[in-house]
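S.K.: So here's start_39.csv, just CSV, C-alpha atoms:
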chain,number,residue,atom,x,y,z
A,1,MET,CA,-27.3,-71.6,-23.1
A,2,LYS,CA,-29.9,-74.2,-24.2
A,3,ILE,CA,-31.3,-74.5,-20.7
A,4,PHE,CA,-31.5,-70.7,-20.5
A,5,LEU,CA,-33.3,-70.5,-23.8
A,6,VAL,CA,-35.9,-73.2,-22.7
A,7,ILE,CA,-36.5,-71.3,-19.5
A,8,VAL,CA,-37.0,-67.9,-21.3
A,9,ILE,CA,-39.3,-69.5,-23.9
A,10,SER,CA,-41.3,-71.3,-21.2
A,11,LEU,CA,-41.7,-68.2,-19.1
A,12,LEU,CA,-42.7,-65.8,-22.0
A,13,GLY,CA,-45.0,-68.5,-23.5
A,14,TYR,CA,-46.7,-68.8,-20.1
A,15,LEU,CA,-47.1,-65.0,-19.8
A,16,ASN,CA,-48.6,-64.8,-23.3
A,17,TYR,CA,-51.0,-67.6,-22.2
A,18,LEU,CA,-52.0,-65.6,-19.2
A,19,VAL,CA,-52.7,-62.5,-21.4
A,20,GLY,CA,-54.9,-64.7,-23.5
A,21,VAL,CA,-56.8,-66.1,-20.5
A,22,TYR,CA,-57.3,-62.7,-19.1
A,23,PHE,CA,-58.8,-61.2,-22.3
A,24,VAL,CA,-61.0,-64.2,-23.0
A,25,ASP,CA,-62.5,-63.9,-19.5
A,26,ALA,CA,-62.7,-60.1,-19.4
A,27,LEU,CA,-64.4,-59.8,-22.9
A,28,SER,CA,-66.5,-62.9,-22.2
A,29,LEU,CA,-65.4,-64.5,-25.5
A,30,SER,CA,-66.9,-67.8,-26.4
A,31,GLY,CA,-67.5,-70.1,-29.4
A,32,THR,CA,-66.0,-68.9,-32.7
A,33,PHE,CA,-64.7,-65.7,-31.3
A,34,GLU,CA,-62.8,-67.5,-28.6
A,35,THR,CA,-61.4,-70.0,-31.1
A,36,LEU,CA,-60.2,-67.2,-33.4
A,37,PHE,CA,-58.7,-65.3,-30.5
A,38,TRP,CA,-56.7,-68.4,-29.4
A,39,ILE,CA,-55.5,-69.1,-32.9
A,40,PHE,CA,-54.2,-65.5,-33.2
A,41,ASN,CA,-52.7,-65.7,-29.7
A,42,ILE,CA,-50.8,-68.9,-30.5
A,43,PHE,CA,-49.7,-67.6,-33.9
A,44,ALA,CA,-48.5,-64.3,-32.4
A,45,THR,CA,-46.6,-66.1,-29.6
A,46,VAL,CA,-44.8,-68.3,-32.2
A,47,ILE,CA,-43.8,-65.3,-34.3
A,48,ILE,CA,-42.6,-63.4,-31.2
A,49,PHE,CA,-40.3,-66.3,-30.4
A,50,ALA,CA,-39.3,-67.1,-33.9
A,51,ALA,CA,-38.0,-63.7,-34.8
A,52,PRO,CA,-35.1,-63.5,-32.3
A,53,TYR,CA,-34.4,-67.3,-32.6
A,54,VAL,CA,-34.0,-67.1,-36.4
A,55,TYR,CA,-31.9,-64.0,-36.1
A,56,ARG,CA,-29.6,-65.5,-33.5
A,57,VAL,CA,-29.3,-69.1,-34.9
A,58,TYR,CA,-29.4,-68.3,-38.7
A,59,PRO,CA,-27.7,-64.9,-39.1
A,60,LYS,CA,-27.7,-63.5,-42.6
A,61,LYS,CA,-25.7,-60.7,-44.2
A,62,ASP,CA,-28.3,-60.0,-46.9
A,63,PRO,CA,-31.6,-61.1,-45.5
A,64,GLY,CA,-34.6,-61.5,-47.9
A,65,PHE,CA,-38.1,-60.2,-47.6
A,66,LEU,CA,-39.5,-63.0,-45.5
A,67,TYR,CA,-36.6,-62.9,-43.1
A,68,ASN,CA,-37.1,-59.1,-42.6
A,69,ALA,CA,-40.8,-59.5,-42.4
A,70,LEU,CA,-40.5,-62.0,-39.6
A,71,GLN,CA,-38.3,-59.6,-37.6
A,72,TRP,CA,-40.7,-56.7,-38.1
A,73,CYS,CA,-43.8,-58.7,-37.2
A,74,GLY,CA,-42.2,-60.4,-34.3
A,75,TYR,CA,-41.0,-57.2,-32.6
A,76,ILE,CA,-44.2,-55.3,-33.3
A,77,LEU,CA,-46.2,-58.1,-31.7
A,78,PHE,CA,-43.7,-58.2,-28.8
A,79,GLY,CA,-44.3,-54.5,-28.2
A,80,ILE,CA,-48.1,-54.9,-28.2
A,81,TYR,CA,-48.0,-57.9,-25.9
A,82,SER,CA,-45.6,-56.2,-23.5
A,83,VAL,CA,-48.1,-53.3,-23.1
A,84,LEU,CA,-51.0,-55.7,-22.7
A,85,LEU,CA,-49.1,-57.7,-20.1
A,86,VAL,CA,-48.5,-54.7,-17.9
A,87,PHE,CA,-52.1,-53.6,-18.2
A,88,MET,CA,-53.3,-57.1,-17.4
A,89,PHE,CA,-51.5,-57.0,-14.0
A,90,LEU,CA,-52.7,-53.4,-13.3
A,91,ASN,CA,-56.3,-54.3,-14.2
A,92,LEU,CA,-56.3,-57.5,-12.1
A,93,SER,CA,-54.7,-55.7,-9.2
A,94,GLY,CA,-57.2,-52.8,-9.4
A,95,ILE,CA,-60.2,-55.2,-9.6
A,96,PHE,CA,-58.9,-57.2,-6.6
A,97,ILE,CA,-58.5,-54.1,-4.5
A,98,TYR,CA,-61.9,-52.6,-5.5
A,99,GLU,CA,-63.7,-55.9,-4.8
A,100,HIS,CA,-62.2,-56.1,-1.3
A,101,LEU,CA,-63.1,-52.4,-0.5
A,102,THR,CA,-66.7,-52.6,-1.6
A,103,SER,CA,-69.4,-55.0,-2.5
A,104,VAL,CA,-69.7,-55.5,-6.3
A,105,SER,CA,-72.6,-57.2,-8.1
A,106,GLN,CA,-71.9,-59.7,-10.8
A,107,LYS,CA,-73.2,-57.3,-13.4
A,108,GLN,CA,-70.9,-54.5,-12.1
A,109,GLU,CA,-67.9,-56.9,-12.1
A,110,PHE,CA,-68.5,-57.8,-15.7
A,111,PHE,CA,-68.8,-54.1,-16.7
A,112,ILE,CA,-65.6,-53.2,-14.9
A,113,LYS,CA,-63.6,-56.1,-16.4
A,114,PHE,CA,-65.0,-55.5,-19.9
A,115,SER,CA,-64.3,-51.7,-19.8
A,116,LEU,CA,-60.8,-52.1,-18.5
A,117,ALA,CA,-60.0,-54.8,-21.2
A,118,ILE,CA,-61.3,-52.5,-23.9
A,119,VAL,CA,-59.4,-49.5,-22.6
A,120,SER,CA,-56.2,-51.7,-22.4
A,121,LEU,CA,-56.6,-52.8,-26.1
A,122,VAL,CA,-57.2,-49.2,-27.2
A,123,ILE,CA,-54.1,-47.9,-25.3
A,124,ALA,CA,-52.0,-50.8,-26.7
A,125,ALA,CA,-53.1,-49.9,-30.2
A,126,ILE,CA,-52.4,-46.2,-29.8
A,127,VAL,CA,-49.0,-46.8,-28.1
A,128,SER,CA,-47.9,-49.2,-30.8
A,129,GLY,CA,-49.2,-47.1,-33.7
A,130,VAL,CA,-48.0,-43.7,-32.6
A,131,GLY,CA,-44.8,-45.2,-31.0
A,132,PHE,CA,-44.0,-46.9,-34.4
A,133,LEU,CA,-44.2,-43.5,-36.2
A,134,GLU,CA,-42.2,-41.8,-33.5
A,135,ALA,CA,-39.4,-44.5,-33.7
A,136,GLN,CA,-39.1,-43.9,-37.4
A,137,ARG,CA,-38.8,-40.1,-37.2
A,138,LYS,CA,-35.6,-38.1,-37.5
A,139,PRO,CA,-34.0,-38.0,-34.1
A,140,LEU,CA,-34.6,-35.0,-31.9
A,141,VAL,CA,-31.4,-32.9,-31.5
A,142,LYS,CA,-31.0,-31.9,-27.8
A,143,LYS,CA,-28.5,-29.1,-27.2
A,144,VAL,CA,-27.3,-29.1,-23.6
A,145,SER,CA,-24.9,-26.7,-21.9
A,146,VAL,CA,-22.8,-28.2,-19.1
A,147,ALA,CA,-21.1,-25.8,-16.8
A,148,ILE,CA,-17.7,-27.2,-15.7
A,149,PRO,CA,-15.8,-25.6,-12.8
A,150,ASN,CA,-12.2,-24.5,-13.7
A,151,LEU,CA,-12.8,-25.3,-17.4
A,152,PRO,CA,-9.8,-24.0,-19.4
A,153,PRO,CA,-10.7,-21.2,-21.7
A,154,ALA,CA,-9.4,-23.3,-24.6
A,155,PHE,CA,-12.3,-25.8,-24.0
A,156,HIS,CA,-15.0,-23.2,-23.4
A,157,GLY,CA,-17.7,-23.8,-26.1
A,158,VAL,CA,-16.3,-27.2,-27.2
A,159,THR,CA,-19.1,-29.4,-28.4
A,160,ILE,CA,-19.5,-33.2,-27.9
A,161,LEU,CA,-22.0,-35.0,-30.0
A,162,GLN,CA,-23.4,-38.2,-28.4
A,163,MET,CA,-25.1,-41.2,-30.0
A,164,SER,CA,-26.2,-44.1,-27.8
A,165,ASP,CA,-28.3,-47.2,-28.0
A,166,LEU,CA,-28.7,-47.2,-31.8
A,167,HIS,CA,-29.2,-51.0,-31.9
A,168,VAL,CA,-28.5,-51.4,-35.6
A,169,GLY,CA,-29.8,-54.9,-36.3
A,170,GLN,CA,-33.2,-56.6,-36.8
A,171,THR,CA,-35.1,-53.5,-38.0
A,172,ILE,CA,-32.5,-50.6,-38.0
A,173,LYS,CA,-30.3,-50.6,-41.1
A,174,ALA,CA,-27.9,-48.5,-43.2
A,175,ALA,CA,-30.5,-45.8,-44.2
A,176,HIS,CA,-30.9,-44.8,-40.5
A,177,VAL,CA,-27.2,-44.8,-40.0
A,178,ASN,CA,-26.5,-42.6,-43.0
A,179,ARG,CA,-29.2,-40.1,-41.8
A,180,LEU,CA,-27.5,-39.9,-38.4
A,181,VAL,CA,-24.1,-39.4,-39.9
A,182,GLU,CA,-25.4,-36.5,-42.1
A,183,MET,CA,-27.0,-34.9,-39.0
A,184,SER,CA,-23.8,-35.3,-37.0
A,185,ASN,CA,-21.7,-33.6,-39.7
A,186,GLU,CA,-24.2,-30.8,-40.2
A,187,LEU,CA,-23.9,-30.0,-36.5
A,188,LYS,CA,-20.1,-29.8,-36.8
A,189,PRO,CA,-19.2,-31.1,-33.3
A,190,ASP,CA,-15.6,-30.9,-32.0
A,191,ILE,CA,-15.9,-34.4,-30.5
A,192,VAL,CA,-18.2,-37.4,-31.3
A,193,VAL,CA,-18.8,-40.1,-28.7
A,194,LEU,CA,-20.7,-43.4,-29.0
A,195,THR,CA,-21.8,-44.7,-25.6
A,196,GLY,CA,-22.7,-48.3,-26.3
A,197,ASP,CA,-25.4,-50.6,-27.6
A,198,MET,CA,-24.8,-49.4,-31.1
A,199,ILE,CA,-25.5,-52.9,-32.5
A,200,ASP,CA,-27.6,-56.0,-32.2
A,201,GLY,CA,-26.0,-58.7,-34.2
A,202,ILE,CA,-22.6,-60.2,-35.1
A,203,ARG,CA,-20.1,-58.2,-37.2
A,204,PHE,CA,-20.5,-59.9,-40.5
A,205,GLN,CA,-24.2,-59.3,-40.4
A,206,LEU,CA,-24.0,-55.6,-39.8
A,207,GLU,CA,-20.7,-54.1,-40.7
A,208,GLU,CA,-21.9,-52.9,-44.1
A,209,ASP,CA,-24.9,-51.1,-42.5
A,210,LEU,CA,-22.4,-49.3,-40.2
A,211,GLU,CA,-19.9,-48.3,-42.9
A,212,GLY,CA,-21.4,-44.8,-42.9
A,213,PHE,CA,-19.6,-44.1,-39.5
A,214,LYS,CA,-16.4,-43.7,-41.5
A,215,ARG,CA,-17.7,-40.4,-42.7
A,216,VAL,CA,-18.2,-38.9,-39.2
A,217,GLN,CA,-16.2,-35.8,-38.8
A,218,ALA,CA,-14.8,-34.5,-35.4
A,219,PRO,CA,-11.6,-32.5,-35.3
A,220,LEU,CA,-10.8,-33.2,-31.6
A,221,GLY,CA,-11.6,-36.9,-31.7
A,222,LYS,CA,-14.1,-39.8,-32.1
A,223,PHE,CA,-14.5,-42.2,-29.1
A,224,MET,CA,-16.5,-45.3,-28.3
A,225,VAL,CA,-17.3,-47.5,-25.3
A,226,PRO,CA,-19.2,-50.8,-25.5
A,227,GLY,CA,-22.6,-51.4,-23.9
A,228,ASN,CA,-24.0,-54.7,-22.7
A,229,HIS,CA,-25.3,-55.6,-26.2
A,230,GLU,CA,-21.8,-55.5,-27.6
A,231,TYR,CA,-20.8,-58.2,-25.1
A,232,TYR,CA,-23.8,-60.3,-26.2
A,233,TRP,CA,-22.7,-60.2,-29.8
A,234,GLY,CA,-18.9,-60.6,-29.6
A,235,VAL,CA,-17.3,-57.5,-28.1
A,236,THR,CA,-13.8,-58.2,-29.4
A,237,SER,CA,-14.8,-58.2,-33.0
A,238,TRP,CA,-16.9,-55.1,-32.5
A,239,ILE,CA,-14.1,-53.2,-30.8
A,240,SER,CA,-11.9,-54.0,-33.8
A,241,PHE,CA,-14.6,-52.7,-36.1
A,242,TRP,CA,-14.9,-49.4,-34.4
A,243,LYS,CA,-11.2,-48.9,-34.5
A,244,GLU,CA,-11.2,-49.7,-38.2
A,245,VAL,CA,-13.8,-47.0,-38.9
A,246,GLY,CA,-11.8,-44.4,-36.9
A,247,PHE,CA,-13.1,-44.4,-33.4
A,248,SER,CA,-10.8,-44.7,-30.4
A,249,THR,CA,-12.2,-47.4,-28.0
A,250,LEU,CA,-11.7,-46.7,-24.3
A,251,LEU,CA,-11.8,-49.7,-22.1
A,252,ASN,CA,-10.8,-48.7,-18.6
A,253,GLU,CA,-8.4,-46.2,-20.2
A,254,HIS,CA,-8.3,-42.6,-21.4
A,255,SER,CA,-7.1,-40.4,-24.1
A,256,ILE,CA,-5.7,-36.8,-23.8
A,257,ILE,CA,-7.3,-34.1,-25.9
A,258,GLU,CA,-5.1,-31.1,-26.3
A,259,ARG,CA,-6.1,-27.6,-27.4
A,260,ASP,CA,-4.0,-24.5,-27.1
A,261,GLN,CA,-1.7,-26.2,-24.6
A,262,ALA,CA,-4.7,-27.1,-22.4
A,263,LYS,CA,-5.6,-30.7,-21.7
A,264,LEU,CA,-8.9,-32.6,-21.3
A,265,VAL,CA,-9.1,-36.3,-20.3
A,266,MET,CA,-11.6,-38.4,-22.2
A,267,ALA,CA,-11.9,-41.7,-20.5
A,268,GLY,CA,-14.1,-44.8,-21.0
A,269,VAL,CA,-15.0,-48.1,-19.2
A,270,HIS,CA,-16.3,-51.5,-19.9
A,271,ASP,CA,-20.0,-51.8,-19.5
A,272,TYR,CA,-21.1,-51.9,-15.9
A,273,SER,CA,-22.7,-55.4,-16.2
A,274,ALA,CA,-19.7,-56.9,-18.1
A,275,ARG,CA,-18.3,-58.5,-14.9
A,276,LYS,CA,-21.3,-60.8,-14.8
A,277,LEU,CA,-20.4,-62.2,-18.2
A,278,GLY,CA,-17.2,-63.7,-16.9
A,279,GLY,CA,-13.6,-63.4,-18.3
A,280,GLY,CA,-12.5,-61.2,-15.4
A,281,ILE,CA,-13.7,-58.0,-17.1
A,282,VAL,CA,-14.3,-55.2,-14.6
A,283,SER,CA,-15.7,-51.7,-15.3
A,284,SER,CA,-13.4,-49.3,-13.4
A,285,PRO,CA,-13.5,-45.5,-13.7
A,286,LYS,CA,-10.6,-45.4,-11.3
A,287,ASP,CA,-8.4,-47.5,-13.6
A,288,ALA,CA,-9.5,-45.4,-16.5
A,289,LEU,CA,-7.7,-42.4,-14.9
A,290,LYS,CA,-4.3,-44.1,-14.3
A,291,GLY,CA,-1.6,-41.9,-15.6
A,292,ALA,CA,-4.0,-39.0,-16.3
A,293,PRO,CA,-3.0,-35.4,-15.3
A,294,SER,CA,-4.7,-34.7,-12.0
A,295,ASP,CA,-5.5,-31.1,-12.8
A,296,ALA,CA,-7.2,-31.7,-16.1
A,297,ILE,CA,-11.0,-31.7,-16.7
A,298,LYS,CA,-12.1,-35.4,-16.7
A,299,ILE,CA,-15.0,-36.8,-18.8
A,300,LEU,CA,-16.1,-40.4,-18.6
A,301,LEU,CA,-17.9,-42.4,-21.2
A,302,ALA,CA,-19.9,-45.2,-19.5
A,303,HIS,CA,-22.8,-47.0,-21.0
A,304,GLN,CA,-24.8,-47.4,-17.8
A,305,PRO,CA,-25.7,-44.5,-15.5
A,306,ARG,CA,-24.9,-46.8,-12.5
A,307,SER,CA,-21.2,-46.1,-13.1
A,308,VAL,CA,-21.6,-42.6,-11.8
A,309,TYR,CA,-21.1,-43.6,-8.2
A,310,GLU,CA,-17.5,-44.8,-8.9
A,311,ALA,CA,-17.0,-42.0,-11.4
A,312,SER,CA,-17.8,-39.4,-8.8
A,313,SER,CA,-15.4,-41.0,-6.3
A,314,ALA,CA,-12.7,-41.0,-8.9
A,315,GLY,CA,-13.1,-37.3,-9.5
A,316,PHE,CA,-14.8,-37.1,-12.9
A,317,ASN,CA,-16.4,-33.8,-13.9
A,318,LEU,CA,-18.9,-35.3,-16.3
A,319,GLN,CA,-20.2,-38.7,-17.2
A,320,ILE,CA,-21.9,-39.3,-20.5
A,321,SER,CA,-24.2,-42.4,-20.6
A,322,GLY,CA,-27.2,-44.1,-22.2
A,323,HIS,CA,-28.7,-47.5,-21.6
A,324,THR,CA,-32.1,-46.5,-20.1
A,325,HIS,CA,-33.9,-45.6,-23.4
A,326,SER,CA,-35.9,-43.5,-20.8
A,327,GLY,CA,-38.2,-46.5,-20.8
A,328,GLN,CA,-38.7,-46.2,-24.6
A,329,TYR,CA,-42.5,-46.4,-24.6
A,330,PHE,CA,-45.5,-46.2,-22.3
A,331,PRO,CA,-45.9,-47.5,-19.6
A,332,PHE,CA,-42.2,-48.4,-19.3
A,333,ASN,CA,-41.2,-44.8,-19.5
A,334,VAL,CA,-42.9,-44.4,-16.1
A,335,LEU,CA,-41.7,-47.7,-14.6
A,336,ILE,CA,-38.0,-47.1,-15.6
A,337,TYR,CA,-37.7,-44.7,-12.6
A,338,LEU,CA,-38.0,-47.7,-10.3
A,339,PHE,CA,-34.8,-49.3,-11.7
A,340,GLN,CA,-32.3,-46.6,-12.7
A,341,PRO,CA,-30.7,-43.8,-10.6
A,342,TYR,CA,-30.7,-41.4,-13.5
A,343,VAL,CA,-33.1,-41.9,-16.4
A,344,LYS,CA,-32.5,-39.1,-18.9
A,345,GLY,CA,-31.1,-35.6,-19.3
A,346,LEU,CA,-28.6,-33.6,-17.3
A,347,ASN,CA,-28.3,-34.4,-13.6
A,348,LEU,CA,-25.8,-33.5,-10.8
A,349,HIS,CA,-24.5,-36.4,-8.6
A,350,LYS,CA,-22.5,-34.8,-5.9
A,351,LYS,CA,-19.9,-32.8,-7.9
A,352,THR,CA,-20.2,-34.9,-11.1
A,353,TRP,CA,-22.5,-34.0,-13.9
A,354,ILE,CA,-24.2,-37.0,-15.6
A,355,TYR,CA,-26.0,-36.8,-18.9
A,356,VAL,CA,-28.2,-39.7,-19.9
A,357,ASN,CA,-29.1,-40.0,-23.6
A,358,GLN,CA,-32.6,-41.5,-24.0
A,359,GLY,CA,-31.6,-43.5,-27.1
A,360,THR,CA,-30.7,-42.7,-30.6
A,361,GLY,CA,-32.5,-45.8,-31.9
A,362,TYR,CA,-34.6,-48.5,-30.1
A,363,TRP,CA,-34.3,-52.0,-28.8
A,364,GLY,CA,-36.7,-54.7,-29.8
A,365,PRO,CA,-40.2,-53.3,-30.4
A,366,PRO,CA,-40.0,-50.4,-33.0
A,367,SER,CA,-41.8,-48.1,-30.7
A,368,ARG,CA,-40.8,-44.8,-28.9
A,369,PHE,CA,-44.2,-43.6,-27.6
A,370,GLY,CA,-43.6,-40.4,-25.6
A,371,VAL,CA,-39.8,-40.9,-25.8
A,372,PRO,CA,-38.5,-39.6,-29.1
A,373,PRO,CA,-35.1,-40.8,-30.4
A,374,GLU,CA,-32.3,-38.4,-29.4
A,375,LEU,CA,-29.1,-37.1,-30.8
A,376,THR,CA,-27.3,-35.0,-28.1
A,377,LEU,CA,-25.0,-32.0,-28.6
A,378,LEU,CA,-23.3,-31.2,-25.3
A,379,GLU,CA,-21.5,-27.9,-25.0
A,380,LEU,CA,-18.8,-27.4,-22.3
A,381,ILE,CA,-19.0,-23.9,-20.9
A,382,SER,CA,-17.4,-22.0,-18.0
A,383,HIS,CA,-19.0,-22.7,-14.6
A,384,ASN,CA,-20.4,-19.2,-14.1
A,385,THR,CA,-22.1,-19.0,-17.6
A,386,ILE,CA,-25.4,-20.7,-16.7
A,387,PRO,CA,-27.3,-21.6,-13.5
A,388,ALA,CA,-26.0,-24.5,-11.4
A,389,ASN,CA,-28.6,-27.0,-12.6
A,390,GLY,CA,-27.7,-26.7,-16.3
A,391,SER,CA,-30.1,-26.8,-19.1
A,392,ASP,CA,-31.8,-29.6,-21.1
Once more with this new file: its structure as structure tokens, please.

M.R.:
Amino acid sequence: MKIFLVIVISLLGYLNYLVGVYFVDALSLSGTFETLFWIFNIFATVIIFAAPYVYRVYPKKDPGFLYNALQWCGYILFGIYSVLLVFMFLNLSGIFIYEHLTSVSQKQEFFIKFSLAIVSLVIAAIVSGVGFLEAQRKPLVKKVSVAIPNLPPAFHGVTILQMSDLHVGQTIKAAHVNRLVEMSNELKPDIVVLTGDMIDGIRFQLEEDLEGFKRVQAPLGKFMVPGNHEYYWGVTSWISFWKEVGFSTLLNEHSIIERDQAKLVMAGVHDYSARKLGGGIVSSPKDALKGAPSDAIKILLAHQPRSVYEASSAGFNLQISGHTHSGQYFPFNVLIYLFQPYVKGLNLHKKTWIYVNQGTGYWGPPSRFGVPPELTLLELISHNTIPANGSD
């Protein structure tokens, strides 16, 4: 763990250094301005590293003002630098290509470098400012109809409220949780599901902030599966917590929901990446269906969309996922499509519907530029009620 920490700190420190070198050169800073820039860059880098280090090594149940201020400053700066880092690579790549396609004078080269650097700083400021306000807003309620073949009449119109990737921890606290619980109860869903990454911290730090989930109402059941972050912070203790507040945790297993003698299978799996963490944990949609009635409608809760390949083979009608945050903020909301098979909304994979929530909270930087936080209300309806591609 210590070696990994040294590697991460060294790598990120070097990347921040490269950002500094780039902007000093592009803006032609010198003298006092260059000195002040490097003082700020070093200070920002220290704060970015100190925030998660202090949170991990010195966890506190009731953190004070300075502790919270460090978390906010660290993650805001992390968000700004992450945008600047991407634009640095884009700018340097663009300049390299342009210079090799045409002859450029020294004066033109300076103007191009300077202009791109200024544009990058402006965009980073806009993304961080507007993204911060967007992240603090009341989540957008997305109502989605999912047409299920052979859906029993008893389950036509049943609603499933999904929360995912809330990340209660460094900057998301009880006030946000309570707002979500109120919104959920106002929507009166039949079922409530949590599809992982609900926390960022160990249990004693955060359990009081999450107490509001005891008030969640859902007559047909409340279910939860862990995401990769639950495994980072002690999955066993968090599974116990969710059971204590009334949520059934589904780990390669299922529960039968009955209504008017009809049955629906609600299954769940370990996080897709849990196998990499050791301990012999495997995420298996197939195992989650062992003993389930073969003719029942089958819904899978899986944190990562990547589970849909196995879910489809196992015969699930619908998979409900999160994890992607839909990139969370620009430019990552564009780049995310390079890394995930399904990024957001309702999609059809072979004969299996998959819905991907773009995040009820946020991870790390308090920013959701162009990607508002989401609370999803899925409605199960008969196959012939809406067009085959569903609605979002």

S.K.: Atom CA of A:Val141 and atom CA of A:Ser184, how far apart in Å?

M.R.: 9.7 Å

S.K.: Neighbouring residues of A:His270 were defined as those with any atom within 10 Å, considering all atoms listed in the file; residues of the same chain fewer than 4 positions away were excluded. Please report them as number ranges by chain.

M.R.: A: 196, 225-228, 231, 249-253, 274-275, 281-285, 288, 301-304, 307

S.K.: So which residues touch stretch 51-56 of chain A within 8 Å, counting all atoms listed in the file, skipping near sequence neighbours fewer than 6 positions away, as a ChimeraX atom specification?

M.R.: /A:70-71,74-75,170,201

S.K.: Which residues come within 12 Å of A:Ser294, counting all atoms listed in the file, excluding same-chain residues fewer than 4 positions away, as number ranges by chain?

M.R.: A: 263-265, 289-290, 298, 314-317

S.K.: Would you pick out the contacts of A:Pro149 at 10 Å or less, using all atoms listed in the file, so that residues sharing its chain but fewer than 4 positions from it are not included, and give the list as a list in words?

M.R.: Ile297, Asn317, Lys351, Ile381, Ser382, His383 and Asn384 of chain A

S.K.: Please determine, counting all atoms listed in the file, which residue among A:Leu11, A:Ala154, A:Leu194, A:Val177 has the shortest atom-to-atom distance to A:Arg259.

M.R.: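 Using all atoms listed in the file, the shortest distance to A:Arg259 belongs to A:Ala154.
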
S.K.: Closest to A:Thr352 among A:Leu15, A:Val146, A:Val24, A:Leu36, using all atoms listed in the file?

M.R.: A:Val146

S.K.: Which distance in Å separates atom CA of A:Asp62 and atom CA of A:Asp209, to one decimal?

M.R.: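 Computed distance, atom CA of A:Asp62 to atom CA of A:Asp209, equals 10.5 Å.
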
S.K.: Give me, please, the distance in Å between atom CA of A:Gly79 and atom CA of A:Pro365, quoted to one decimal.

M.R.: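 These two atoms are separated by 4.8 Å.
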
S.K.: Can you work out which one of A:Val19, A:Glu211, A:Ile148, A:Asp200 has the shortest atom-to-atom distance to A:Ala174, counting all atoms listed in the file?

M.R.: A:Glu211

S.K.: Quick one: of A:Phe247, A:Trp238, A:Tyr272, A:Tyr232, who's nearest to A:Phe213, counting only C-alpha atoms?

M.R.: A:Phe247

S.K.: Quick one: residues within 10 Å of A:Trp38, only C-alpha atoms counted, chain neighbours fewer than 6 positions away excluded, as a ChimeraX atom specification?

M.R.: /A:17,20-21,24,32,44

S.K.: Which one of A:His229, A:Lys286, A:Arg203, A:Lys138 sits closest to A:His254 if you count only C-alpha atoms?

M.R.: A:Lys286
